[in-house]
Amino acid sequence: MGPLIKLILLNVITYLILKFVVPNIPGSAPLPASLVFLYLLLTTSGYLIIATVSAESKEEFWGPIQRFLVGDGIGGLQALRWAVLILFPLLVGWQTYNSTAVSDAPPGENRTIHPAPPGEYAGLSNPVPKTPDTIQQGKGFYAAFCSPCHGGNFDGKGSAARGFNPPPANFSDPTTIAMLQESYLFWRIKKGGVGLPIEGMPWKSAMPRWELELPDEWIWKIIMGEYDGAHQSPRTWE
Amino acid sequence: MGDDEVSSMRHQGGWIQRLLRGCSDHAGTLLGLAVAAGLFSLPALVFGADVAPAAPTEYRDIPYVGSRNVIWVIAQLHLLLAGFVLGVPMFAWVCEVVAWRGGEKRYDKLAKEFTKLLTSAYSTTALFGGILLFLLIAFYPKLMNYLTDIFFPSFIVYCILFLVETATLYLYWYGWEAMQYGGKKTFHIFLGFMLNFFAFFIMIIPNSWATFQASPVVIAEGTDMARAWAATWNPTWWPVNIHRIIANVVLGGYICGAYAGIRYLSAKTPEERDHYDWMGYVGNFIGVFGLLALPFAGYWLMREIYQYNQQMGITLMGGFLSWLFILQAMLIGVLFLGSNYYFWLGITHRIPGSALQYRKPILAMLVVLLLCLGVWMTPHSLVASLEEAAKMGGTHHPLLGVLGVMSAKMTVSNLMILVTFMSFIMYWRAGKQDTAGWAKIAKAIMGAILVLASIAVIILGVWGYFVPAIIRINYFSTSQVLIVIGVMLTITPLTALLLKSAKTTTEMVWGKMPPRAGYSLVLNAIMVILLMTLMGYARSSSRVHWHVYGVVRDTSQYAFSPALGYASGIMSLCTFFFCMIVAFIFWVATMGDKTKAATESKKAELPHGVPAMAGASSALDAPRAPKF
């Protein structure tokens with residue numbers, strides 16, 4: 001099998017795995033095209049590196065391509081050569097046109113999930129003492145105000161969750177609240193979706209502005225309850 | 001900045017007001033005089049009305065281009081040139097010491113070749129520094145006034161250091177030939193050390209100005225010196241100092257490699273090919289040597305930034321600049337791949353007959369590198385269409401989203417460092433056969449260390465998801481770094497000991513690398529330059545709408561962060577300009593050599609020239625360079 005065929009085959013197999021195998025792993029979901037493209041690019045780069053690392057492998061890979069493109073006496077392949085030389089630039093042109101032309105498709109989702117908090121919230125620490133009682137109270141407030149969306153199990157799967165896009169945050173995921181300080185959560189709960197900066201797309205969050213409903217002390221208790229219930233710890237520096 | 005500070009700045013130099021205040025004791029007399037003077041001078045107001053002093057100018061601009069863009073490009077070019085000028089002496093001095101201690105003259109030649117660049121590179125850097133200063137004073141007078149007020153004592157120290165550095169550089173370069181032997185050589189080595197010593201302080205002083213803007217420490221009381229010192233010793237000063245010094249070594253090494261690559265590609269004689277092939281190897285080695293340590297320094301810097309200010313940390317790592325780090329991963333990934341590729345080309349081309357023998361280990365290392373790079377480049381929030389995002393349940397992928405956080409990134413960067421280190425070890429050992437009786441045990445120990453270290457790094461990385469962030473940051477990530485350093489410190493001396501008694505089975509042949517080796521060296525240098533321009537943008541943008549974070553607010557029309565796409569354009573422009581400047585410096589520095597070589601070759605052709613012994617000119621006798 002020629003090295004070029006191997007390269008194409010490798011990319012096809014990688015694509016099939018990313019498109020059909022990975023999404024069907026339990027707990028997974030389809031991959032966006034940007035990520036698939038990234039992984040295919042890595043696959044191709046890896047193949048080109050290994051194919052050109054020695055003189056022999058380079059000749060084996062590049063030799064036939066070079067002969068096909070510029071060599072003499074390729075016989076019946078002459079027409080194919082012309083076809084490739086004409087079609088390839090056209091394909092590149094078509095791709096360029098497609099990616100830059102005005103389209104009615106909505107733009108890609110590039111919402112920043114964790115935008116920086118305003119300065120006045122950055123240095124706050126939880127003023128409520130962390131005791132079993134306060135944690136329990138926090139869990140109670142959470143059950144009343146937060147669990148309909150964020151779920152009784154802190155997994156973002158509350159009864160109302162299916163109605164929202166983007167979905168409510170999953171606190172049991174170690175890449176959400178475990179990466180953040182308590183002051184960050186305080187800001188997000190207090191100010192809600194409308195308090196997000198522009199890169200956080202305030203119009204795309206249904207999070208209520210809880211400062212209108214709850215006193216600050218309750219919010220701090222909810223934060224303690226959230227961390228405890230989701231079995232996570234806030235980011236600290238001590 | 002508080003209102004009081006603004007007000008005091010606006011009134012600096014307001015001597016008329018102070019004079020009037022000072023004279024308030026004689027109010028009655030003065031009032032009469034002032035009224036009389038005012039009446040007499042009324043007509044003058046007609047002429048003076050148009051030039052009545054307003055509040056001091058805070059900003060100036062350049063039409064069409066914009067003052068911020070001009071400062072951005074000039075500051076970046078100055079920084080890149082400074083990195084080059086500080087990196088090259090380190091590189092040259094180490095080469096000179098190697099030649100001095102080991103007796104290999106070619107290292108001395110290499111050191112001299114690069115020191116020759118320094119005089120022109122040094123003046124170009126100073127020139128850009130001067131332009132930058134003039135432009136800063138012109139465009140940002142208010143900010144510069146504020147910074148001068150704080151850092152004036154360090155300006156003086158900086159000037160003195162510059163004078164001493166210049167004198168040392170002149171002595172070091174112009175005294176090269178005169179100080180070649182005996183005690184004079186020792187003194188020359190000492191001069192090289194002092195050159196680097198002064199250069200280090202020349203680097204860290206401006207670093208204090210730049211890091212102060214990001215993490216200011218402002219004290220209202222105390223002497224000028226105390227205020228300057230407090231501002232200098234700010235939380236990110238030392239992390240940036242360490243990060244930059246390592247980055248300068250990397251830049252110097254890879255630029256040396258790129259220069260060698262270009263000279264190799266255009267070499268006409270076998271001697272030239274041999275020399276520039278070897279120089280490319282040395283440049284790549286030094287670049288990789290620094291590159292292995294760079295992620296550790298970068299991690300420390302980010303940790304300090306995060307600890308200093310949560311807002312700034314999140315802006316960088318989770319906020320609108322977070323995509324910048326995917327670009328960073330891409331550039332570092334290409335750099336790792338390019339450096340390893342060059343090592344592998346070296347094994348398969350410089351050591352005849354080894355291509356087949358090393359194919360499998362190279363393939364294994366490549367697969368690990370690509371898998372690691374895949375993880376490193378996977379963002380936490382993915383770019384997805386609305387439809388794709390809906391299918392994923394947001395822009396976080398439920399399965400691959402876990403690869404987007406620091407625990408995964410730290411793990412793969414450590415593994416990539418390990419693989420690159422092993423690439424070098426493989427290159428070092430290639431073409432040699434162990435003869436020591438304990439070689440088998442040593443190799444088994446080394447293999448076990450490598451496997452256990454890799455497993456430990458992965459376990460700590462996975463475990464990092466299940467512990468509080470502070471445990472991961474302070475203990476797990478640090479342990480991962482220490483494990484990798486431990487591997488290097490164990491395997492390097494063991495390999496050196498083994499190779500001492502090893503038998504050379506295949507001699508390394510220089511000058512046999514294919515052209516793509518030269519191109520990969522150029523690619524590596526461009527990646528490093530792009531990387532530095534990217535991180536320059538990151539450092540400046542992390543301050544968002546502040547000149548001095550939380551103290552002096554940017555109130556100009558440019559008080560917004562440019563988008564990453566726009567910034568990429570400026571970064572590319574800076575990279576292009578810098579490459580052109582470096583090419584010019586190389587061209588100027590080697591112009592004399594070419595003329596000298598041409599004159600010498602003409603002399604040799606003339607009957608009265610120095611006669612060459614039969615067969616002495618290998619350039620004429622050598623067979624044509626093989627085609628690749």
# chains A, B, ... in the order shown; residues from 1 in each chain; ligands from 1
call {"tool": "closest_atom_pairs", "arguments": {"of": "chain A", "to": "chain B", "cutoff": "6 Å", "atoms": "only C-alpha atoms", "output": "CSV"}}
result
residue,atom,partner,partner_atom,distance
A:Ser28,CA,B:Leu399,CA,5.0
A:Ala29,CA,B:Met392,CA,5.3
A:Pro32,CA,B:Ala384,CA,5.5
A:Val53,CA,B:Leu345,CA,5.5
A:Ser54,CA,B:Thr348,CA,5.6
A:Gly108,CA,B:Ser385,CA,4.3
A:Glu109,CA,B:Ala384,CA,5.3
A:Asn110,CA,B:Val383,CA,5.8
A:Thr112,CA,B:Gly319,CA,5.9
A:His114,CA,B:Gly318,CA,5.5
A:Pro115,CA,B:Gly319,CA,4.2
A:Ala116,CA,B:Thr315,CA,5.0
A:Pro117,CA,B:Gln311,CA,5.7
A:Ala122,CA,B:Gln310,CA,5.7
A:Pro166,CA,B:Gly394,CA,5.1
A:Pro174,CA,B:Tyr465,CA,5.9
A:Ser233,CA,B:Pro468,CA,5.2
A:Arg235,CA,B:Ala469,CA,5.1
A:Thr236,CA,B:Ile470,CA,5.9
call {"tool": "write_last_selection", "arguments": {"atoms": "N, CA and C atoms", "output": "mmCIF file, in the first residue's frame"}}
result
data_model
loop_
_atom_site.group_PDB
_atom_site.id
_atom_site.type_symbol
_atom_site.label_atom_id
_atom_site.label_comp_id
_atom_site.auth_asym_id
_atom_site.auth_seq_id
_atom_site.Cartn_x
_atom_site.Cartn_y
_atom_site.Cartn_z
ATOM 1 N N SER A 28 -20.648 10.766 26.852
ATOM 2 C CA SER A 28 -20.006 11.637 25.868
ATOM 3 C C SER A 28 -21.050 12.337 24.999
ATOM 4 N N ALA A 29 -20.599 13.082 24.018
ATOM 5 C CA ALA A 29 -21.490 13.805 23.105
ATOM 6 C C ALA A 29 -20.746 14.029 21.795
ATOM 7 N N PRO A 32 -17.491 18.920 18.221
ATOM 8 C CA PRO A 32 -17.662 19.986 17.219
ATOM 9 C C PRO A 32 -16.624 19.844 16.103
ATOM 10 N N VAL A 53 11.307 11.360 8.060
ATOM 11 C CA VAL A 53 12.404 11.380 9.024
ATOM 12 C C VAL A 53 13.680 10.727 8.478
ATOM 13 N N SER A 54 13.536 9.769 7.596
ATOM 14 C CA SER A 54 14.749 9.196 6.990
ATOM 15 C C SER A 54 14.685 9.371 5.474
ATOM 16 N N GLY A 108 -20.386 31.085 15.205
ATOM 17 C CA GLY A 108 -20.001 30.051 16.178
ATOM 18 C C GLY A 108 -20.177 30.539 17.601
ATOM 19 N N GLU A 109 -20.375 29.585 18.482
ATOM 20 C CA GLU A 109 -20.572 29.909 19.899
ATOM 21 C C GLU A 109 -19.202 30.144 20.528
ATOM 22 N N ASN A 110 -18.911 31.355 20.935
ATOM 23 C CA ASN A 110 -17.615 31.573 21.583
ATOM 24 C C ASN A 110 -17.785 32.287 22.911
ATOM 25 N N THR A 112 -17.531 33.063 26.711
ATOM 26 C CA THR A 112 -16.577 32.776 27.778
ATOM 27 C C THR A 112 -17.364 32.345 29.016
ATOM 28 N N HIS A 114 -16.248 31.403 32.064
ATOM 29 C CA HIS A 114 -15.800 31.987 33.337
ATOM 30 C C HIS A 114 -15.090 33.313 33.091
ATOM 31 N N PRO A 115 -15.859 34.373 32.788
ATOM 32 C CA PRO A 115 -15.198 35.673 32.609
ATOM 33 C C PRO A 115 -14.684 36.205 33.951
ATOM 34 N N ALA A 116 -13.751 37.153 33.857
ATOM 35 C CA ALA A 116 -13.163 37.687 35.096
ATOM 36 C C ALA A 116 -14.205 38.454 35.900
ATOM 37 N N PRO A 117 -14.194 38.303 37.219
ATOM 38 C CA PRO A 117 -15.159 39.046 38.053
ATOM 39 C C PRO A 117 -14.739 40.508 38.187
ATOM 40 N N ALA A 122 -13.195 40.468 43.635
ATOM 41 C CA ALA A 122 -12.029 39.587 43.519
ATOM 42 C C ALA A 122 -11.425 39.196 44.868
ATOM 43 N N PRO A 166 -27.679 27.930 27.140
ATOM 44 C CA PRO A 166 -26.887 26.823 27.675
ATOM 45 C C PRO A 166 -27.483 26.242 28.963
ATOM 46 N N PRO A 174 -15.488 18.381 38.152
ATOM 47 C CA PRO A 174 -14.323 19.020 38.789
ATOM 48 C C PRO A 174 -13.764 20.205 38.010
ATOM 49 N N SER A 233 -14.060 21.441 46.543
ATOM 50 C CA SER A 233 -13.512 22.471 47.439
ATOM 51 C C SER A 233 -13.227 23.716 46.622
ATOM 52 N N ARG A 235 -11.249 27.066 45.299
ATOM 53 C CA ARG A 235 -9.833 27.415 45.128
ATOM 54 C C ARG A 235 -9.438 28.382 46.244
ATOM 55 N N THR A 236 -8.369 28.057 46.928
ATOM 56 C CA THR A 236 -7.853 28.954 47.982
ATOM 57 C C THR A 236 -6.352 29.072 47.800
#
call {"tool": "select_by_dssp", "arguments": {"residues": "stretch 171-395 of chain B", "states": "helix (DSSP H, G or I)", "output": "number ranges by chain"}}
result
B: 171-174, 182-214, 224-232, 237-265, 270-308, 310-317, 324-350, 359-377, 386-392
call {"tool": "closest_residue", "arguments": {"among": "B:Cys95, B:Leu521, B:Ala444, B:Ala126", "to": "B:Leu77", "atoms": "only C-alpha atoms"}}
result
B:Ala126
call {"tool": "select_by_dssp", "arguments": {"residues": "stretch 359-525 of chain B", "states": "strand (DSSP E)", "output": "list in words"}}
result
Lys432, Gln433, Lys503 and Thr504 of chain B
call {"tool": "atom_distance", "arguments": {"atom1": "atom CA of A:Thr176", "atom2": "atom CA of A:Arg188"}}
result
12.8 Å
call {"tool": "atom_distance", "arguments": {"atom1": "atom CA of B:Ile189", "atom2": "atom CA of B:Ile255"}}
result
23.0 Å
call {"tool": "atom_distance", "arguments": {"atom1": "atom CA of B:Thr590", "atom2": "atom CA of B:Glu113"}}
result
8.8 Å
call {"tool": "residues_around", "arguments": {"residues": "A:Asn153", "least_positions_apart": "4", "cutoff": "9 Å", "atoms": "only C-alpha atoms", "output": "ChimeraX atom specification"}}
result
/A:147,157-158,171-172,229-230
call {"tool": "closest_residue", "arguments": {"among": "A:Ile223, A:Asn165, A:Trp187, A:Lys139", "to": "A:Gly152", "atoms": "only C-alpha atoms"}}
result
A:Lys139
call {"tool": "residues_around", "arguments": {"residues": "B:Cys256", "least_positions_apart": "4", "cutoff": "8 Å", "atoms": "only C-alpha atoms", "output": "PyMOL selection string"}}
result
chain B and resi 252+260+279-280+283-284
call {"tool": "residues_around", "arguments": {"residues": "stretch 83-97 of chain A", "least_positions_apart": "6", "cutoff": "12 Å", "atoms": "only C-alpha atoms", "output": "list of chain:residue names"}}
result
A:Ile65, A:Phe68, A:Leu69, A:Val70, A:Leu77, A:Ser103
call {"tool": "residues_around", "arguments": {"residues": "A:Leu214", "least_positions_apart": "5", "cutoff": "12 Å", "atoms": "only C-alpha atoms", "output": "list in words"}}
result
Phe141, Tyr142, Ala144, Phe145, Cys146, Phe186, Ile189, Lys190, Lys191, Pro208, Arg209, Ile219, Trp220, Lys221 and Ile222 of chain A
call {"tool": "write_last_selection", "arguments": {"atoms": "C-alpha atoms", "output": "PDB file, in the first residue's frame"}}
result
ATOM      1  CA  PHE A 141     -31.444  27.406  50.665  1.00  0.00           C
ATOM      2  CA  TYR A 142     -29.910  25.605  47.697  1.00  0.00           C
ATOM      3  CA  ALA A 144     -35.288  25.909  47.681  1.00  0.00           C
ATOM      4  CA  PHE A 145     -33.748  28.352  45.205  1.00  0.00           C
ATOM      5  CA  CYS A 146     -31.109  26.573  43.080  1.00  0.00           C
ATOM      6  CA  PHE A 186     -20.763  35.082  45.254  1.00  0.00           C
ATOM      7  CA  ILE A 189     -25.128  34.316  42.257  1.00  0.00           C
ATOM      8  CA  LYS A 190     -25.592  37.898  43.384  1.00  0.00           C
ATOM      9  CA  LYS A 191     -25.523  39.533  39.956  1.00  0.00           C
ATOM     10  CA  PRO A 208     -31.522  35.193  38.156  1.00  0.00           C
ATOM     11  CA  ARG A 209     -30.094  38.241  39.839  1.00  0.00           C
ATOM     12  CA  ILE A 219     -25.773  33.554  49.323  1.00  0.00           C
ATOM     13  CA  TRP A 220     -22.562  32.796  51.244  1.00  0.00           C
ATOM     14  CA  LYS A 221     -24.306  29.893  52.968  1.00  0.00           C
ATOM     15  CA  ILE A 222     -25.582  28.575  49.623  1.00  0.00           C
TER      16      ILE A 222
END
call {"tool": "residues_around", "arguments": {"residues": "stretch 206-209 of chain B", "least_positions_apart": "6", "cutoff": "8 Å", "atoms": "only C-alpha atoms", "output": "PDB file with C-alpha atoms, in the first residue's frame"}}
result
ATOM      1  CA  LEU B 147       6.374  56.007  36.457  1.00  0.00           C
ATOM      2  CA  PHE B 151      11.303  54.677  39.402  1.00  0.00           C
ATOM      3  CA  ALA B 231       7.618  49.081  43.540  1.00  0.00           C
ATOM      4  CA  THR B 232      10.484  47.054  42.106  1.00  0.00           C
ATOM      5  CA  TRP B 233      10.002  44.107  44.420  1.00  0.00           C
ATOM      6  CA  ASN B 234       6.445  43.487  43.257  1.00  0.00           C
ATOM      7  CA  TRP B 237       9.024  40.638  39.305  1.00  0.00           C
ATOM      8  CA  VAL B 240       9.125  37.317  35.089  1.00  0.00           C
ATOM      9  CA  ASN B 241      12.889  37.646  35.600  1.00  0.00           C
TER      10      ASN B 241
END
call {"tool": "closest_residue", "arguments": {"among": "A:Thr52, A:Ser125, A:Gln66, A:Gln78", "to": "A:Tyr184", "atoms": "only C-alpha atoms"}}
result
A:Ser125
